[in-house]
Amino acid sequence: MPDEFETFIVDGLKEANVIRSIAKVITTHNDRKIPVAVGHSVANWTPENGAFTESNPTFGQKVIDAYKLTDLIRVSVELLQDAAFPLEQYIANEFARAFGIAEEQAFCVGTGSGQPTGIFTANGGELGVTAAANNQITADELINLVYSLKAPYRRNAKFLMNDATISQIRKLKDGNGVYLWQPSLQAGEPDKLLGYDLYTSPYVPQMEAGAFSIAFGDFKNYWIADRAGRTVQRLNELYSTNGQVGFVATERVDGKVILPEGIQLLKMKA
């Protein structure tokens with residue numbers, strides 16, 4: 001394989017995967033253990049000659065693992081010889097599309113068993129607001145969601161939801177009849193909701209009973225760990241008796257919320 005083949009896949013993933021564009025992406029070579037402060041020390045007012053009150057800050061630990069994602073494409077030798085278009089580039093784009101879809105779905109709703117842990121799961125972000133209905137969201141609930149996030153996180157906060165949810169929210173108005181939605185005035189820039197950037201992914205759950213449908217927070221608290229890199233291998237011999245050449249792509253990746261309080265979720269009524 002030419003070196004450019006793998007470069008196409010990496011570039012394609014960056015373009016196709018919304019979560020990758022807003023999360024924290026790191027490269028690991030082994031399992032990485034991340035210490036997380038669970039409880040903090042507390043200062044106490046102490047009288048003269050009084051005994052000090054002991055504090056016991058506590059720490060937890062998150063482990064970033066690596067789960068294997070693969071894809072295999074077989075192409076006839078005749079097609080490789082006769083193709084009038086750059087077939088290898090097409091295969092690279094197919095790998096990028098397939099990997100991007102699988103990754104983003106896992107980063108949103110992955111179970112954490114054999115795959116990354118999604119943001120919109122019980123082990124993902126933190127519950128910020130529960131909607132009063134199971135199929136509708138109000139402007140007040142969006143405002144409550146914004147302020148359920150601690151102020152320091154709001155400086156870099158963004159909304160994340162799917163298109164169906166956005167469609168409903170676009171019709172919401174404030175008390176003066178002004179739409180909450182603010183379309184971007186600059187090409188390529190995300191739209192605004194309540195003054196914050198809004199991103200969309202088809203893999204965010206829909207508005208239905210008990211579902212986490214909106215995330216608001218600083219998504220740098222979601223870590224994506226690429227293990228060593230992605231590889232592409234050309235299999236000339238394995239399928240030769242069928243007159244075919246195989247192309248297999250592999251990557252190892254994990255993703256999980258490291259600090260849940262930094263990403264607040266809106267949950268629909270059960």
# chains A, B, ... in the order shown; residues from 1 in each chain; ligands from 1
>>> residues_around(residues="range 68-75 of chain A", least_positions_apart="3", cutoff="8 Å", atoms="only C-alpha atoms", output="tab-separated table (two decimals) with C-alpha atoms, in the first residue's frame")
chain	number	residue	atom	x	y	z
A	79	LEU	CA	-11.69	-4.49	-11.55
A	80	LEU	CA	-8.34	-3.34	-10.16
A	91	ILE	CA	-11.68	2.15	-1.01
A	95	PHE	CA	-13.01	2.79	5.04
A	98	ALA	CA	-17.44	3.15	7.70
A	99	PHE	CA	-15.02	3.91	10.53
A	115	GLN	CA	-16.69	-0.69	22.39
A	244	GLN	CA	-9.78	-11.21	-5.72
A	245	VAL	CA	-7.60	-8.88	-3.68
A	246	GLY	CA	-8.59	-8.00	-0.13
A	247	PHE	CA	-8.12	-4.72	1.67
A	248	VAL	CA	-8.47	-4.72	5.47
A	249	ALA	CA	-8.40	-1.70	7.76
A	250	THR	CA	-7.95	-1.87	11.53
A	251	GLU	CA	-7.88	0.62	14.36
A	252	ARG	CA	-7.98	0.39	18.14
A	253	VAL	CA	-9.81	3.17	19.94
>>> closest_atom_pairs(of="range 43-86 of chain A", to="range 200-224 of chain A", cutoff="12 Å", atoms="only C-alpha atoms", output="CSV")
residue,atom,partner,partner_atom,distance
A:Lys62,CA,A:Trp223,CA,10.6
A:Val63,CA,A:Trp223,CA,10.7
A:Ile64,CA,A:Trp223,CA,8.3
A:Asp65,CA,A:Ile224,CA,10.0
A:Ala66,CA,A:Ile224,CA,9.9
A:Tyr67,CA,A:Ile224,CA,11.4
>>> residues_around(residues="range 121-129 of chain A", least_positions_apart="5", cutoff="10 Å", atoms="only C-alpha atoms", output="ChimeraX atom specification")
/A:107-112,141-149,205,211-212,214-217,219,221-222,256-269
>>> write_last_selection(atoms="N, CA and C atoms", output="mmCIF file, in the first residue's frame")
data_model
loop_
_atom_site.group_PDB
_atom_site.id
_atom_site.type_symbol
_atom_site.label_atom_id
_atom_site.label_comp_id
_atom_site.auth_asym_id
_atom_site.auth_seq_id
_atom_site.Cartn_x
_atom_site.Cartn_y
_atom_site.Cartn_z
ATOM 1 N N PHE A 107 -19.355 6.670 20.229
ATOM 2 C CA PHE A 107 -19.075 7.826 21.072
ATOM 3 C C PHE A 107 -20.369 8.438 21.623
ATOM 4 N N CYS A 108 -21.486 8.224 20.939
ATOM 5 C CA CYS A 108 -22.770 8.749 21.417
ATOM 6 C C CYS A 108 -23.468 7.768 22.357
ATOM 7 N N VAL A 109 -23.615 6.510 21.915
ATOM 8 C CA VAL A 109 -24.447 5.573 22.677
ATOM 9 C C VAL A 109 -23.754 4.237 22.927
ATOM 10 N N GLY A 110 -22.432 4.167 22.795
ATOM 11 C CA GLY A 110 -21.704 2.918 23.020
ATOM 12 C C GLY A 110 -21.890 2.384 24.425
ATOM 13 N N THR A 111 -21.918 1.055 24.542
ATOM 14 C CA THR A 111 -22.217 0.410 25.824
ATOM 15 C C THR A 111 -21.012 0.326 26.749
ATOM 16 N N GLY A 112 -19.792 0.471 26.209
ATOM 17 C CA GLY A 112 -18.599 0.283 27.021
ATOM 18 C C GLY A 112 -18.168 -1.161 27.114
ATOM 19 N N GLU A 141 -36.736 24.490 29.934
ATOM 20 C CA GLU A 141 -35.902 23.306 30.203
ATOM 21 C C GLU A 141 -34.516 23.464 29.588
ATOM 22 N N LEU A 142 -34.436 24.098 28.424
ATOM 23 C CA LEU A 142 -33.123 24.365 27.826
ATOM 24 C C LEU A 142 -32.314 25.322 28.693
ATOM 25 N N ILE A 143 -32.990 26.354 29.213
ATOM 26 C CA ILE A 143 -32.307 27.315 30.087
ATOM 27 C C ILE A 143 -31.843 26.617 31.363
ATOM 28 N N ASN A 144 -32.702 25.763 31.916
ATOM 29 C CA ASN A 144 -32.314 25.013 33.116
ATOM 30 C C ASN A 144 -31.116 24.112 32.839
ATOM 31 N N LEU A 145 -31.070 23.541 31.639
ATOM 32 C CA LEU A 145 -29.947 22.678 31.278
ATOM 33 C C LEU A 145 -28.647 23.478 31.238
ATOM 34 N N VAL A 146 -28.714 24.677 30.672
ATOM 35 C CA VAL A 146 -27.521 25.534 30.602
ATOM 36 C C VAL A 146 -26.983 25.810 32.002
ATOM 37 N N TYR A 147 -27.869 26.128 32.928
ATOM 38 C CA TYR A 147 -27.416 26.529 34.261
ATOM 39 C C TYR A 147 -27.268 25.348 35.220
ATOM 40 N N SER A 148 -27.553 24.142 34.733
ATOM 41 C CA SER A 148 -27.191 22.964 35.524
ATOM 42 C C SER A 148 -25.698 22.671 35.391
ATOM 43 N N LEU A 149 -25.058 23.283 34.379
ATOM 44 C CA LEU A 149 -23.620 23.133 34.178
ATOM 45 C C LEU A 149 -22.892 24.211 34.967
ATOM 46 N N PRO A 205 -29.661 10.045 20.659
ATOM 47 C CA PRO A 205 -31.017 9.494 20.764
ATOM 48 C C PRO A 205 -32.109 10.518 20.463
ATOM 49 N N ALA A 211 -35.201 8.726 27.215
ATOM 50 C CA ALA A 211 -33.952 8.863 26.452
ATOM 51 C C ALA A 211 -33.204 10.130 26.847
ATOM 52 N N PHE A 212 -31.865 10.056 26.827
ATOM 53 C CA PHE A 212 -31.031 11.250 26.938
ATOM 54 C C PHE A 212 -30.957 11.866 25.535
ATOM 55 N N ILE A 214 -30.345 15.460 24.737
ATOM 56 C CA ILE A 214 -29.503 16.646 24.524
ATOM 57 C C ILE A 214 -28.342 16.594 25.508
ATOM 58 N N ALA A 215 -27.172 16.941 25.017
ATOM 59 C CA ALA A 215 -26.010 17.118 25.890
ATOM 60 C C ALA A 215 -25.555 18.564 25.781
ATOM 61 N N PHE A 216 -25.179 19.139 26.905
ATOM 62 C CA PHE A 216 -24.646 20.502 26.947
ATOM 63 C C PHE A 216 -23.455 20.495 27.875
ATOM 64 N N GLY A 217 -22.322 20.923 27.366
ATOM 65 C CA GLY A 217 -21.135 20.942 28.216
ATOM 66 C C GLY A 217 -19.873 21.200 27.430
ATOM 67 N N PHE A 219 -17.057 19.481 25.866
ATOM 68 C CA PHE A 219 -16.836 18.114 25.406
ATOM 69 C C PHE A 219 -15.366 17.711 25.428
ATOM 70 N N ASN A 221 -14.167 17.108 28.041
ATOM 71 C CA ASN A 221 -14.245 16.134 29.124
ATOM 72 C C ASN A 221 -14.555 14.732 28.605
ATOM 73 N N TYR A 222 -14.796 14.608 27.302
ATOM 74 C CA TYR A 222 -14.904 13.297 26.674
ATOM 75 C C TYR A 222 -13.589 13.021 25.970
ATOM 76 N N LYS A 256 -14.514 7.778 26.451
ATOM 77 C CA LYS A 256 -15.390 7.826 27.618
ATOM 78 C C LYS A 256 -15.346 9.208 28.240
ATOM 79 N N VAL A 257 -16.402 9.524 28.987
ATOM 80 C CA VAL A 257 -16.457 10.780 29.740
ATOM 81 C C VAL A 257 -15.561 10.636 30.959
ATOM 82 N N ILE A 258 -14.593 11.528 31.082
ATOM 83 C CA ILE A 258 -13.658 11.470 32.200
ATOM 84 C C ILE A 258 -14.207 12.225 33.407
ATOM 85 N N LEU A 259 -14.850 13.346 33.172
ATOM 86 C CA LEU A 259 -15.422 14.149 34.258
ATOM 87 C C LEU A 259 -16.895 14.403 33.940
ATOM 88 N N PRO A 260 -17.808 13.569 34.447
ATOM 89 C CA PRO A 260 -19.224 13.673 34.082
ATOM 90 C C PRO A 260 -19.841 15.034 34.371
ATOM 91 N N GLU A 261 -19.409 15.725 35.419
ATOM 92 C CA GLU A 261 -20.031 17.012 35.745
ATOM 93 C C GLU A 261 -19.791 18.051 34.656
ATOM 94 N N GLY A 262 -18.842 17.791 33.750
ATOM 95 C CA GLY A 262 -18.555 18.740 32.682
ATOM 96 C C GLY A 262 -19.472 18.609 31.482
ATOM 97 N N ILE A 263 -20.323 17.582 31.459
ATOM 98 C CA ILE A 263 -21.289 17.384 30.369
ATOM 99 C C ILE A 263 -22.631 17.038 30.993
ATOM 100 N N GLN A 264 -23.597 17.947 30.873
ATOM 101 C CA GLN A 264 -24.916 17.740 31.443
ATOM 102 C C GLN A 264 -25.888 17.235 30.365
ATOM 103 N N LEU A 265 -26.748 16.304 30.760
ATOM 104 C CA LEU A 265 -27.696 15.680 29.821
ATOM 105 C C LEU A 265 -29.124 16.072 30.169
ATOM 106 N N LEU A 266 -29.925 16.222 29.125
ATOM 107 C CA LEU A 266 -31.371 16.385 29.295
ATOM 108 C C LEU A 266 -32.033 15.053 29.001
ATOM 109 N N LYS A 267 -32.801 14.567 29.954
ATOM 110 C CA LYS A 267 -33.476 13.267 29.806
ATOM 111 C C LYS A 267 -34.966 13.484 29.620
ATOM 112 N N MET A 268 -35.557 12.772 28.674
ATOM 113 C CA MET A 268 -36.997 12.869 28.458
ATOM 114 C C MET A 268 -37.730 12.143 29.580
ATOM 115 N N LYS A 269 -38.965 12.566 29.828
ATOM 116 C CA LYS A 269 -39.787 11.938 30.867
ATOM 117 C C LYS A 269 -39.950 10.449 30.560
#
>>> atom_distance(atom1="CA of His40 in chain A", atom2="CA of Asn56 in chain A")
7.4 Å
>>> atom_distance(atom1="CA of Pro190 in chain A", atom2="CA of Met161 in chain A")
12.8 Å
>>> select_by_dssp(residues="range 6-111 of chain A", states="strand (DSSP E)", output="number ranges by chain")
A: 24-28, 32-39, 58-64, 67-76
>>> atom_distance(atom1="CA of Arg32 in chain A", atom2="CA of Ala228 in chain A")
12.8 Å
>>> select_by_dssp(residues="range 151-264 of chain A", states="helix (DSSP H, G or I)", output="VMD selection string")
chain A and resid 151 to 154 163 to 169 219 to 221 240 to 242 260 to 262
>>> residues_around(residues="Trp181 in chain A", least_positions_apart="3", cutoff="8 Å", atoms="only C-alpha atoms", output="CSV table (one decimal) with C-alpha atoms, in the first residue's frame")
chain,number,residue,atom,x,y,z
A,169,ILE,CA,-36.3,23.5,19.1
A,170,ARG,CA,-36.1,25.8,16.1
A,172,LEU,CA,-39.4,27.7,20.2
A,191,ASP,CA,-25.4,27.7,14.7
A,192,LYS,CA,-26.2,29.2,18.1
A,193,LEU,CA,-28.7,28.2,20.7
A,194,LEU,CA,-29.0,30.5,23.7
>>> closest_residue(among="A:Leu87, A:Ile34, A:Ile22, A:Val77", to="Glu237 in chain A", atoms="only C-alpha atoms")
A:Val77
>>> closest_residue(among="A:Lys33, A:Asp82, A:Ala270, A:Val178", to="Thr130 in chain A", atoms="only C-alpha atoms")
A:Ala270
>>> closest_residue(among="A:Thr58, A:Ser113, A:Thr138, A:Asn236", to="Val42 in chain A", atoms="only C-alpha atoms")
A:Thr58
